[in-house]
>>> print(open('my_file30.txt').read())   # compact mmCIF, C-alpha atoms and all ligand atoms
# COMPACT_ATOMS: atom_id res chain seq x y z
CA MET A 1 109.95 200.55 187.91
CA ALA A 2 107.73 202.55 185.63
CA LEU A 3 108.00 201.52 181.99
CA ASP A 4 108.48 205.08 180.79
CA GLY A 5 111.53 206.86 179.39
CA SER A 6 114.48 206.09 181.67
CA SER A 7 118.19 206.57 181.02
CA PRO A 8 120.32 203.58 180.01
CA ASP A 9 121.98 203.57 183.44
CA GLU A 10 118.62 203.49 185.21
CA VAL A 11 117.37 200.72 182.97
CA LEU A 12 120.47 198.62 183.57
CA ALA A 13 120.18 199.17 187.32
CA ASP A 14 116.56 197.98 187.13
CA LEU A 15 117.60 194.89 185.22
CA ARG A 16 120.21 194.04 187.84
CA GLU A 17 117.57 194.45 190.53
CA LEU A 18 115.07 192.27 188.68
CA ARG A 19 117.67 189.52 188.64
CA VAL A 20 118.10 189.39 192.41
CA GLY A 21 115.64 186.54 192.99
CA ASP A 22 116.92 184.42 190.11
CA VAL A 23 118.86 181.25 190.75
CA ASP A 24 122.59 182.01 190.58
CA TRP A 25 123.50 179.70 187.71
CA ARG A 26 126.74 181.55 186.98
CA ALA A 27 127.93 180.35 190.40
CA GLY A 28 126.95 176.78 189.52
CA ARG A 29 123.78 176.75 191.63
CA ALA A 30 121.43 175.47 188.88
CA PHE A 31 121.37 171.87 187.67
CA SER A 32 118.79 172.63 185.02
CA LEU A 33 117.94 175.11 182.25
CA THR A 34 121.48 176.52 182.06
CA TYR A 35 124.92 175.31 181.00
CA LEU A 36 128.28 176.70 182.08
CA ALA A 37 131.70 175.59 180.87
CA THR A 38 134.00 178.35 182.13
CA PRO A 39 133.40 182.01 183.02
CA GLU A 40 135.81 182.94 180.21
CA ALA A 41 133.81 181.00 177.61
CA LEU A 42 130.57 182.50 178.89
CA GLU A 43 131.93 185.99 178.43
CA LEU A 44 133.09 185.13 174.90
CA SER A 45 129.69 183.66 174.05
CA GLU A 46 127.87 186.73 175.34
CA ARG A 47 130.17 189.10 173.45
CA ALA A 48 129.80 187.16 170.21
CA TYR A 49 126.02 187.13 170.74
CA ALA A 50 125.93 190.87 171.34
CA MET A 51 127.99 191.53 168.19
CA PHE A 52 125.41 189.76 166.01
CA ALA A 53 122.20 190.13 168.02
CA GLY A 54 120.68 192.50 165.47
CA GLU A 55 121.73 190.63 162.31
CA ASN A 56 119.02 188.55 160.69
CA ALA A 57 119.58 185.06 159.30
CA LEU A 58 116.22 185.17 157.52
CA ASN A 59 118.19 186.16 154.47
CA VAL A 60 121.88 185.46 154.63
CA ALA A 61 122.45 187.10 151.24
CA ALA A 62 122.59 190.32 153.27
CA PHE A 63 124.86 188.78 155.89
CA PRO A 64 127.49 186.52 154.33
CA SER A 65 129.07 186.38 157.80
CA LEU A 66 126.07 184.41 159.08
CA ARG A 67 126.08 182.11 156.04
CA ARG A 68 129.72 181.31 156.68
CA MET A 69 129.19 180.73 160.41
CA GLN A 70 126.15 178.50 159.77
CA ALA A 71 128.12 176.41 157.30
CA ASP A 72 131.07 176.06 159.70
CA VAL A 73 128.84 175.06 162.62
CA LEU A 74 126.89 172.52 160.57
CA GLY A 75 130.10 171.04 159.17
CA PHE A 76 131.54 170.62 162.66
CA VAL A 77 128.46 168.85 163.97
CA ALA A 78 128.03 166.65 160.88
CA ASP A 79 131.62 165.55 161.19
CA LEU A 80 131.14 164.71 164.86
CA PHE A 81 128.25 162.40 163.96
CA HIS A 82 130.03 160.77 161.01
CA ALA A 83 127.49 162.13 158.54
CA PRO A 84 128.02 160.45 155.15
CA HIS A 85 128.74 162.18 151.86
CA GLY A 86 125.58 164.02 150.72
CA TRP A 87 124.40 164.99 154.23
CA ALA A 88 122.49 168.23 154.68
CA GLY A 89 121.35 170.16 157.72
CA PHE A 90 119.93 173.31 159.22
CA LEU A 91 120.44 175.43 162.28
CA THR A 92 117.34 175.84 164.43
CA SER A 93 116.40 177.79 167.54
CA GLY A 94 116.88 174.69 169.73
CA GLY A 95 115.65 171.22 170.52
CA THR A 96 111.95 171.87 170.28
CA GLU A 97 112.18 173.46 166.85
CA SER A 98 114.49 170.67 165.66
CA LEU A 99 112.02 167.99 166.75
CA LEU A 100 109.06 169.89 165.29
CA MET A 101 110.82 170.15 161.96
CA VAL A 102 111.88 166.49 161.89
CA CYS A 103 108.27 165.43 162.51
CA TYR A 104 106.99 167.89 159.91
CA ALA A 105 109.52 166.60 157.36
CA ALA A 106 108.56 162.98 158.08
CA ARG A 107 104.91 163.81 157.51
CA ARG A 108 105.55 165.60 154.25
CA ARG A 109 107.83 162.83 153.03
CA ARG A 110 105.02 160.29 153.33
CA GLY A 111 102.40 162.50 151.69
CA GLU A 112 98.82 161.45 152.40
CA VAL A 113 98.56 158.54 154.82
CA GLY A 114 95.43 157.52 156.76
CA ARG A 115 96.27 158.79 160.20
CA PRO A 116 100.02 159.24 160.46
CA ASN A 117 101.75 158.08 163.64
CA ILE A 118 105.15 158.36 165.22
CA VAL A 119 106.43 155.41 167.24
CA LEU A 120 108.53 156.51 170.19
CA PRO A 121 109.47 155.42 173.71
CA THR A 122 107.66 156.96 176.71
CA SER A 123 110.98 158.61 177.60
CA ALA A 124 111.27 160.67 174.38
CA HIS A 125 111.05 164.42 174.90
CA ALA A 126 107.76 166.29 175.38
CA ALA A 127 108.49 168.32 172.24
CA PHE A 128 107.42 165.28 170.20
CA GLU A 129 103.95 165.67 171.75
CA LYS A 130 103.97 169.29 170.66
CA ALA A 131 104.95 168.24 167.14
CA CYS A 132 102.15 165.67 167.03
CA ALA A 133 99.64 168.26 168.28
CA TYR A 134 100.79 170.85 165.76
CA PHE A 135 100.89 168.54 162.75
CA GLY A 136 97.91 166.28 163.41
CA THR A 137 99.93 163.14 164.04
CA GLU A 138 99.38 160.35 166.53
CA SER A 139 102.03 159.98 169.21
CA ARG A 140 102.31 156.22 169.69
CA ARG A 141 104.24 155.95 172.97
CA VAL A 142 105.73 152.58 173.85
CA PRO A 143 106.67 151.83 177.49
CA VAL A 144 110.41 151.68 178.16
CA ARG A 145 112.17 148.61 179.58
CA ASN A 146 113.01 148.24 183.27
CA ASP A 147 116.36 149.91 182.61
CA TRP A 148 114.51 152.95 181.15
CA ARG A 149 115.77 152.28 177.61
CA ALA A 150 113.55 151.93 174.55
CA ASP A 151 111.97 148.50 174.14
CA VAL A 152 112.86 147.83 170.53
CA ALA A 153 110.74 144.69 170.10
CA ALA A 154 107.67 146.47 171.50
CA MET A 155 108.33 149.47 169.26
CA ALA A 156 108.62 147.18 166.23
CA SER A 157 105.22 145.68 167.11
CA ALA A 158 103.68 149.15 167.36
CA ILE A 159 104.60 150.03 163.77
CA ASP A 160 101.90 149.90 161.10
CA ALA A 161 101.42 151.14 157.55
CA ASP A 162 100.78 154.69 158.80
CA THR A 163 104.00 154.97 160.83
CA ILE A 164 106.01 157.87 159.45
CA LEU A 165 108.87 158.07 161.95
CA LEU A 166 110.71 156.13 164.67
CA VAL A 167 112.48 157.91 167.48
CA GLY A 168 115.35 157.05 169.79
CA SER A 169 117.19 159.32 172.23
CA ALA A 170 120.88 159.59 172.98
CA PRO A 171 120.33 160.07 175.81
CA GLN A 172 116.72 160.48 176.84
CA TYR A 173 116.22 163.36 179.28
CA PRO A 174 114.33 161.91 182.28
CA GLN A 175 116.71 159.13 183.36
CA GLY A 176 119.67 160.09 181.20
CA VAL A 177 120.20 156.72 179.50
CA VAL A 178 120.89 156.04 175.83
CA ASP A 179 118.38 154.01 173.81
CA PRO A 180 119.61 150.98 171.80
CA ILE A 181 120.10 152.97 168.61
CA ALA A 182 121.79 150.19 166.63
CA GLU A 183 118.82 147.86 167.21
CA LEU A 184 116.33 150.61 166.40
CA GLY A 185 118.31 151.27 163.23
CA GLU A 186 117.87 147.65 162.14
CA VAL A 187 114.10 147.89 162.57
CA ALA A 188 113.97 151.23 160.77
CA ALA A 189 116.03 149.99 157.82
CA ALA A 190 114.06 146.73 157.53
CA ARG A 191 110.71 148.57 157.55
CA ASN A 192 111.96 151.53 155.49
CA ILE A 193 110.88 154.10 158.08
CA PRO A 194 113.04 157.12 158.98
CA LEU A 195 114.73 156.98 162.39
CA HIS A 196 115.46 160.21 164.22
CA VAL A 197 118.04 160.21 167.00
CA ASP A 198 117.30 162.94 169.51
CA SER A 199 120.75 163.80 170.77
CA CYS A 200 119.73 167.34 171.69
CA ILE A 201 121.13 167.04 175.19
CA GLY A 202 123.87 164.49 174.65
CA GLY A 203 125.25 165.19 171.20
CA MET A 204 128.16 167.30 172.36
CA VAL A 205 129.07 164.87 175.14
CA LEU A 206 128.54 161.25 174.03
CA PRO A 207 131.06 161.25 171.16
CA PHE A 208 133.77 161.91 173.74
CA ILE A 209 132.97 159.45 176.51
CA ASP A 210 133.19 155.68 176.81
CA PRO A 211 131.66 153.58 175.40
CA PHE A 212 129.75 155.84 173.02
CA GLY A 213 132.74 157.37 171.29
CA SER A 214 133.70 153.90 170.06
CA ALA A 215 132.36 151.55 167.39
CA GLU A 216 131.05 149.24 170.14
CA HIS A 217 128.14 151.48 170.98
CA PRO A 218 127.21 153.50 167.90
CA PHE A 219 124.42 156.08 168.15
CA ASP A 220 125.06 158.24 165.10
CA PHE A 221 125.11 157.95 161.28
CA THR A 222 127.38 154.91 161.52
CA VAL A 223 124.08 153.11 162.24
CA ALA A 224 122.66 152.52 158.76
CA GLY A 225 118.99 153.12 159.66
CA VAL A 226 119.56 156.54 161.27
CA THR A 227 118.20 159.22 158.94
CA SER A 228 118.54 162.35 161.09
CA ILE A 229 120.11 163.55 164.33
CA SER A 230 119.42 166.67 166.40
CA VAL A 231 121.88 168.29 168.80
CA ASP A 232 121.60 171.55 170.70
CA LEU A 233 124.56 173.87 170.89
CA HIS A 234 122.78 175.90 173.56
CA LYS A 235 123.14 172.88 175.85
CA TYR A 236 126.52 171.13 175.94
CA GLY A 237 127.89 173.25 173.09
CA TYR A 238 127.81 175.98 175.80
CA ALA A 239 126.44 178.53 173.31
CA ALA A 240 123.79 181.15 174.08
CA LYS A 241 120.13 180.13 174.06
CA GLY A 242 118.51 179.77 170.66
CA SER A 243 120.86 177.34 168.95
CA GLY A 244 120.11 173.83 167.73
CA VAL A 245 121.22 171.74 164.76
CA ILE A 246 119.55 169.04 162.66
CA VAL A 247 121.62 166.91 160.35
CA TYR A 248 119.92 164.67 157.76
CA ARG A 249 121.57 161.74 156.06
CA SER A 250 120.70 163.19 152.66
CA ARG A 251 119.65 166.37 150.96
CA GLU A 252 116.47 164.61 149.79
CA LEU A 253 115.41 164.02 153.41
CA ARG A 254 116.17 167.61 154.35
CA ASP A 255 114.17 169.00 151.43
CA HIS A 256 110.92 167.96 153.14
CA GLN A 257 111.67 170.42 155.93
CA THR A 258 112.03 173.56 153.85
CA PHE A 259 109.11 175.85 153.23
CA VAL A 260 108.76 178.07 150.17
CA THR A 261 105.84 180.18 149.01
CA ASP A 262 105.12 183.06 146.68
CA ASN A 263 101.40 183.10 147.48
CA TRP A 264 101.31 186.67 148.78
CA LEU A 265 102.31 190.10 147.53
CA GLY A 266 105.87 190.10 148.96
CA GLY A 267 107.62 187.74 146.52
CA LEU A 268 109.38 184.45 147.05
CA TYR A 269 109.64 183.54 150.74
CA GLY A 270 111.70 180.59 151.83
CA SER A 271 112.59 179.43 155.31
CA SER A 272 114.17 176.40 156.89
CA GLY A 273 112.22 176.17 160.12
CA VAL A 274 109.49 177.67 162.28
CA LEU A 275 111.10 181.07 162.60
CA GLY A 276 111.09 183.84 160.06
CA THR A 277 113.34 186.53 161.43
CA LYS A 278 116.22 184.79 163.14
CA SER A 279 118.77 186.60 165.28
CA GLY A 280 122.42 186.24 164.34
CA GLY A 281 123.26 186.19 168.08
CA PRO A 282 122.91 182.44 168.69
CA ILE A 283 124.70 181.65 165.44
CA ALA A 284 127.69 183.86 166.33
CA SER A 285 127.76 182.49 169.87
CA SER A 286 127.73 178.90 168.58
CA TRP A 287 130.48 179.62 166.10
CA ALA A 288 132.53 181.33 168.81
CA MET A 289 132.19 178.36 171.17
CA ILE A 290 133.17 175.87 168.49
CA ARG A 291 136.13 178.00 167.48
CA HIS A 292 137.14 178.45 171.13
CA PHE A 293 136.85 174.83 172.27
CA GLY A 294 137.23 172.78 169.10
CA ARG A 295 136.98 169.00 169.27
CA ASP A 296 139.70 168.62 171.90
CA GLY A 297 138.20 171.27 174.14
CA TYR A 298 134.76 169.64 174.01
CA ALA A 299 136.34 166.24 174.67
CA ASP A 300 138.01 167.62 177.77
CA LEU A 301 134.81 169.29 178.99
CA ALA A 302 132.80 166.10 178.38
CA ARG A 303 135.22 163.89 180.31
CA ARG A 304 135.42 166.29 183.23
CA THR A 305 131.65 166.73 183.35
CA ARG A 306 131.17 162.98 183.25
CA ALA A 307 133.59 162.54 186.19
CA THR A 308 131.69 165.25 188.12
CA THR A 309 128.39 163.50 187.36
CA LEU A 310 129.65 160.22 188.80
CA LEU A 311 130.96 161.99 191.92
CA LEU A 312 127.61 163.72 192.42
CA ALA A 313 125.73 160.45 191.92
CA GLU A 314 127.94 158.81 194.54
CA GLY A 315 127.36 161.68 196.97
CA ILE A 316 123.58 161.55 196.47
CA SER A 317 123.51 157.79 197.06
CA SER A 318 125.33 158.29 200.36
CA ILE A 319 122.41 160.34 201.75
CA GLU A 320 119.63 158.30 203.35
CA PRO A 321 116.85 157.87 202.00
CA LEU A 322 117.91 159.15 198.58
CA PHE A 323 118.79 156.81 195.74
CA VAL A 324 120.02 157.30 192.19
CA MET A 325 117.56 155.73 189.77
CA THR A 326 120.15 154.29 187.39
CA LYS A 327 123.83 154.75 186.67
CA PRO A 328 124.01 157.76 184.34
CA ASP A 329 125.14 157.02 180.78
CA SER A 330 126.05 160.62 180.20
CA THR A 331 125.89 163.76 182.37
CA LEU A 332 122.30 163.63 183.66
CA ILE A 333 121.24 162.30 187.06
CA CYS A 334 117.82 161.11 188.14
CA PHE A 335 117.29 160.48 191.84
CA GLY A 336 114.42 159.81 194.18
CA SER A 337 113.57 159.23 197.81
CA GLY A 338 112.83 155.85 199.32
CA ASP A 339 110.91 157.33 202.26
CA GLU A 340 107.42 158.81 201.88
CA SER A 341 108.07 161.22 204.74
CA VAL A 342 110.88 162.77 202.67
CA PRO A 343 109.15 163.45 199.33
CA ALA A 344 111.43 164.33 196.44
CA ASN A 345 109.55 167.57 195.69
CA ALA A 346 109.96 168.74 199.28
CA VAL A 347 113.70 168.12 199.00
CA ALA A 348 113.72 170.27 195.83
CA ASP A 349 111.87 173.02 197.73
CA ALA A 350 114.40 172.88 200.57
CA LEU A 351 117.27 173.04 198.08
CA ARG A 352 115.65 176.07 196.43
CA ALA A 353 115.41 177.77 199.84
CA ARG A 354 119.16 177.18 200.14
CA GLY A 355 119.79 178.74 196.71
CA TRP A 356 120.04 175.57 194.58
CA TRP A 357 117.83 174.50 191.69
CA VAL A 358 117.12 170.95 190.51
CA ASP A 359 114.26 169.81 188.26
CA ARG A 360 111.23 167.87 189.41
CA GLN A 361 109.79 165.21 187.14
CA GLY A 362 107.66 162.11 186.92
CA PRO A 363 106.28 159.56 186.80
CA PRO A 364 107.88 158.33 188.96
CA ALA A 365 108.27 161.43 191.17
CA THR A 366 111.99 162.08 191.04
CA LEU A 367 114.50 164.90 190.79
CA HIS A 368 116.69 165.57 187.81
CA MET A 369 120.10 167.17 187.45
CA THR A 370 121.81 168.38 184.30
CA VAL A 371 125.50 168.61 185.17
CA SER A 372 127.76 171.19 183.51
CA ALA A 373 131.55 171.34 183.34
CA HIS A 374 131.65 174.20 185.84
CA HIS A 375 129.86 172.10 188.47
CA GLU A 376 133.17 170.40 189.25
CA HIS A 377 133.77 173.35 191.58
CA VAL A 378 130.59 172.87 193.62
CA VAL A 379 130.32 169.12 194.22
CA ALA A 380 131.08 169.24 197.96
CA ASP A 381 128.88 172.33 198.52
CA PHE A 382 125.94 170.77 196.72
CA ILE A 383 126.15 167.45 198.55
CA GLU A 384 126.29 169.30 201.86
CA ALA A 385 123.26 171.42 200.86
CA LEU A 386 121.41 168.27 199.83
CA ARG A 387 122.20 166.55 203.14
CA LEU A 388 120.93 169.61 205.03
CA SER A 389 117.84 169.82 202.82
CA VAL A 390 116.89 166.23 203.67
CA THR A 391 117.31 167.12 207.36
CA ASP A 392 115.13 170.24 206.83
CA VAL A 393 112.38 168.10 205.32
CA ARG A 394 112.55 165.47 208.06
CA SER A 395 112.55 168.01 210.88
CA ARG A 396 109.65 170.01 209.51
CA ALA A 397 107.52 167.07 208.49
CA THR A 398 106.67 169.28 205.55
CA ALA A 399 104.00 169.18 202.90
CA PRO A 400 104.69 166.98 199.86
CA GLY A 401 106.47 169.85 198.14
CA SER A 402 105.45 171.93 195.18
CA THR A 403 105.31 170.38 191.77
CA VAL A 404 106.85 173.12 189.67
CA GLY A 405 106.89 171.61 186.18
CA TYR A 406 109.71 171.25 183.69
CA GLY A 407 108.31 174.13 181.70
CA THR A 408 105.79 176.82 182.57
CA VAL A 409 102.75 178.22 180.74
CA GLU A 410 103.18 181.92 181.43
C1 LIG B 1 116.53 164.98 174.76
C2 LIG B 1 115.96 166.36 174.59
N1 LIG B 1 115.32 166.67 173.45
C3 LIG B 1 114.76 167.88 173.24
C4 LIG B 1 114.87 168.87 174.19
C5 LIG B 1 114.18 170.21 173.95
O1 LIG B 1 115.13 171.22 173.84
P1 LIG B 1 114.75 172.77 173.99
O2 LIG B 1 114.34 172.95 175.41
O3 LIG B 1 116.03 173.43 173.62
O4 LIG B 1 113.67 173.11 173.06
C6 LIG B 1 115.54 168.59 175.39
C7 LIG B 1 115.64 169.59 176.44
O5 LIG B 1 116.19 169.38 177.49
C8 LIG B 1 116.09 167.31 175.59
O6 LIG B 1 116.72 166.99 176.73
>>> encode(input="my_file30.txt", output="structure tokens", more="lines below")
Ligand SMILES: Cc1ncc(COP(=O)(O)O)c(C=O)c1O
Amino acid sequence: MALDGSSPDEVLADLRELRVGDVDWRAGRAFSLTYLATPEALELSERAYAMFAGENALNVAAFPSLRRMQADVLGFVADLFHAPHGWAGFLTSGGTESLLMVCYAARRRRGEVGRPNIVLPTSAHAAFEKACAYFGTESRRVPVRNDWRADVAAMASAIDADTILLVGSAPQYPQGVVDPIAELGEVAAARNIPLHVDSCIGGMVLPFIDPFGSAEHPFDFTVAGVTSISVDLHKYGYAAKGSGVIVYRSRELRDHQTFVTDNWLGGLYGSSGVLGTKSGGPIASSWAMIRHFGRDGYADLARRTRATTLLLAEGISSIEPLFVMTKPDSTLICFGSGDESVPANAVADALRARGWWVDRQGPPATLHMTVSAHHEHVVADFIEALRLSVTDVRSRATAPGSTVGYGTVE
């Protein structure tokens, strides 16, 4: 495939060929990195993306369509999280940018402090480490409890005068459980420290499943101390990659995120996040998904995905020596192996050889599955492949398995 003038047909044929070795996520073979509701919705998302791929949300004065779509999407999400009057938000390129911006805003809000720190559970997403590295902030990680949830008392003890932000996840990624947000909110309010709820992976699911959709188990702005929430539409919003949302409790809190300069020869430059030029594709795809599914559609997807998750967890537990780490709160599963001769990573390798993809993670060394609505069609096939993969590992007495990370540096 020489990278030199080829016809569109040749180029497209090359692209199809390049794809041959990729995991077949459209057929439900990936439990990571990808999200699939229905083939029909995927086609709609891709068409909406293509329609606006070249538009640029850097300046929506030129594209009122994007301004309108952004406002609609933000309004939908804010409503879902019971954002109070006066809320304000931004669209981002996804979870990492949302978390970077929340940490940046917290730092700017506090102005000069000795050595600013963020107090967060060990389970909070790796993007917080990136934010701390980028913005010269200490990541003060506090071990989680035995049930993998944030230890609120220990987090409260870790706070000092230089703490600029508290973090809770709904749910956290590794074990898929929801932190005690109401208790964290009490600490945050009492100490007057902002509390960010990272609901990047659960925000489009939790509001629709028991007990989180109810007042018994609040995780959103109904908790007084919560100052901001992030949710990704490119996860369980089933939109194309490049779409996240941050909602702040107030405009004042959001103002710390925006960046404006005229210190160059090109005039006033303002932007809401890390990106400058910002494709309209993810915005149009997000809008299309929200318009297509609406609240009721997302509720239905969430309940079905949750039921599929519980079925998968049951199937995994029935395979010796595998065990599910904890009952999932949402639609994520963490499982491990209780036998050293069947290492979890080797099981992931065997699954990959059979065309399936699950994530590897640790500590402790476990496997991770992100379940999508479409997976309801593959439960039996996956459990059979997993059973065979365990047999493969046992019969080959294989190496410990490769430790492909959650993200790559390529
Ligand atoms: C809880 C949580 N926060 C943040 C992120 C980062 O999102 P992204 O990969 O879109 O940057 C993820 C990704 O899975 C996540 O699960």
>>> residues_near_ligand(input="my_file30.txt", ligand="ligand LIG 1 (chain B)", cutoff="6 Å", atoms="all atoms listed in the file", output="list in words")
Gly94, Gly95, Thr96, His125, Gln172, Tyr173, Asp198, Ser199, Cys200 and Ile201 of chain A
>>> atom_distance(input="my_file30.txt", atom1="atom CA of A:His292", atom2="atom CA of A:Val247")
22.1 Å
>>> atom_distance(input="my_file30.txt", atom1="atom CA of A:Ile333", atom2="atom CA of A:Met369")
5.0 Å
>>> axis_aligned_box(input="my_file30.txt", around="stretch 50-60 of chain A", padding_each_side="6 Å", output="lines of an AutoDock Vina configuration file")
center_x = 122.1
center_y = 188.8
center_z = 162.9
size_x = 23.8
size_y = 19.4
size_z = 28.9
>>> atom_distance(input="my_file30.txt", atom1="atom CA of A:Arg26", atom2="atom CA of A:His374")
8.9 Å
>>> closest_residue(input="my_file30.txt", among="A:Gly244, A:Gly407, A:Gly270, A:Gly176", to="A:Val371", atoms="all atoms listed in the file")
A:Gly176
>>> residues_around(input="my_file30.txt", residues="stretch 285-288 of chain A", least_positions_apart="6", cutoff="12 Å", atoms="all atoms listed in the file", output="number ranges by chain")
A: 40-53, 65-77, 91-94, 232-245, 279, 294
>>> residues_around(input="my_file30.txt", residues="A:Ala348", least_positions_apart="2", cutoff="8 Å", atoms="only C-alpha atoms", output="ChimeraX atom specification")
/A:344-346,350-352,357-360,367,401
>>> residues_around(input="my_file30.txt", residues="A:Pro364", least_positions_apart="4", cutoff="12 Å", atoms="all atoms listed in the file", output="number ranges by chain")
A: 123, 148, 174-175, 325, 334-338, 343-345, 360, 368
>>> closest_residue(input="my_file30.txt", among="A:Val20, A:Ala105, A:Val142, A:Ala224", to="A:Leu165", atoms="all atoms listed in the file")
A:Ala105
>>> closest_residue(input="my_file30.txt", among="A:Ala313, A:Val342, A:Ala61, A:Ala127", to="A:Ile383", atoms="all atoms listed in the file")
A:Ala313
>>> residues_around(input="my_file30.txt", residues="A:Val226", least_positions_apart="6", cutoff="8 Å", atoms="only C-alpha atoms", output="PDB file with C-alpha atoms, keeping the file's coordinate frame")
ATOM      1  CA  GLY A 185     118.310 151.270 163.230  1.00  0.00           C
ATOM      2  CA  ALA A 188     113.970 151.230 160.770  1.00  0.00           C
ATOM      3  CA  PRO A 194     113.040 157.120 158.980  1.00  0.00           C
ATOM      4  CA  LEU A 195     114.730 156.980 162.390  1.00  0.00           C
ATOM      5  CA  HIS A 196     115.460 160.210 164.220  1.00  0.00           C
ATOM      6  CA  VAL A 197     118.040 160.210 167.000  1.00  0.00           C
ATOM      7  CA  ASP A 220     125.060 158.240 165.100  1.00  0.00           C
ATOM      8  CA  ARG A 249     121.570 161.740 156.060  1.00  0.00           C
TER       9      ARG A 249
END
>>> closest_residue(input="my_file30.txt", among="A:Glu320, A:Phe81, A:Asp24, A:Asp4", to="A:Leu388", atoms="only C-alpha atoms")
A:Glu320
>>> closest_residue(input="my_file30.txt", among="A:Lys327, A:His375, A:Arg29, A:Arg254", to="A:Cys103", atoms="all atoms listed in the file")
A:Arg254
>>> residues_near_point(input="my_file30.txt", point="(116.8, 179.2, 157.0)", cutoff="9 Å", atoms="all atoms listed in the file", output="number ranges by chain")
A: 57-60, 90-92, 258, 270-273, 275-276, 278
>>> closest_residue(input="my_file30.txt", among="A:Glu410, A:Glu252, A:Asp339, A:Glu376", to="A:Arg394", atoms="all atoms listed in the file")
A:Asp339
>>> residues_around(input="my_file30.txt", residues="A:Ile181", least_positions_apart="5", cutoff="8 Å", atoms="all atoms listed in the file", output="list in words")
Gly168, Ser169, Ala170, Val197, Pro218, Phe219 and Val223 of chain A
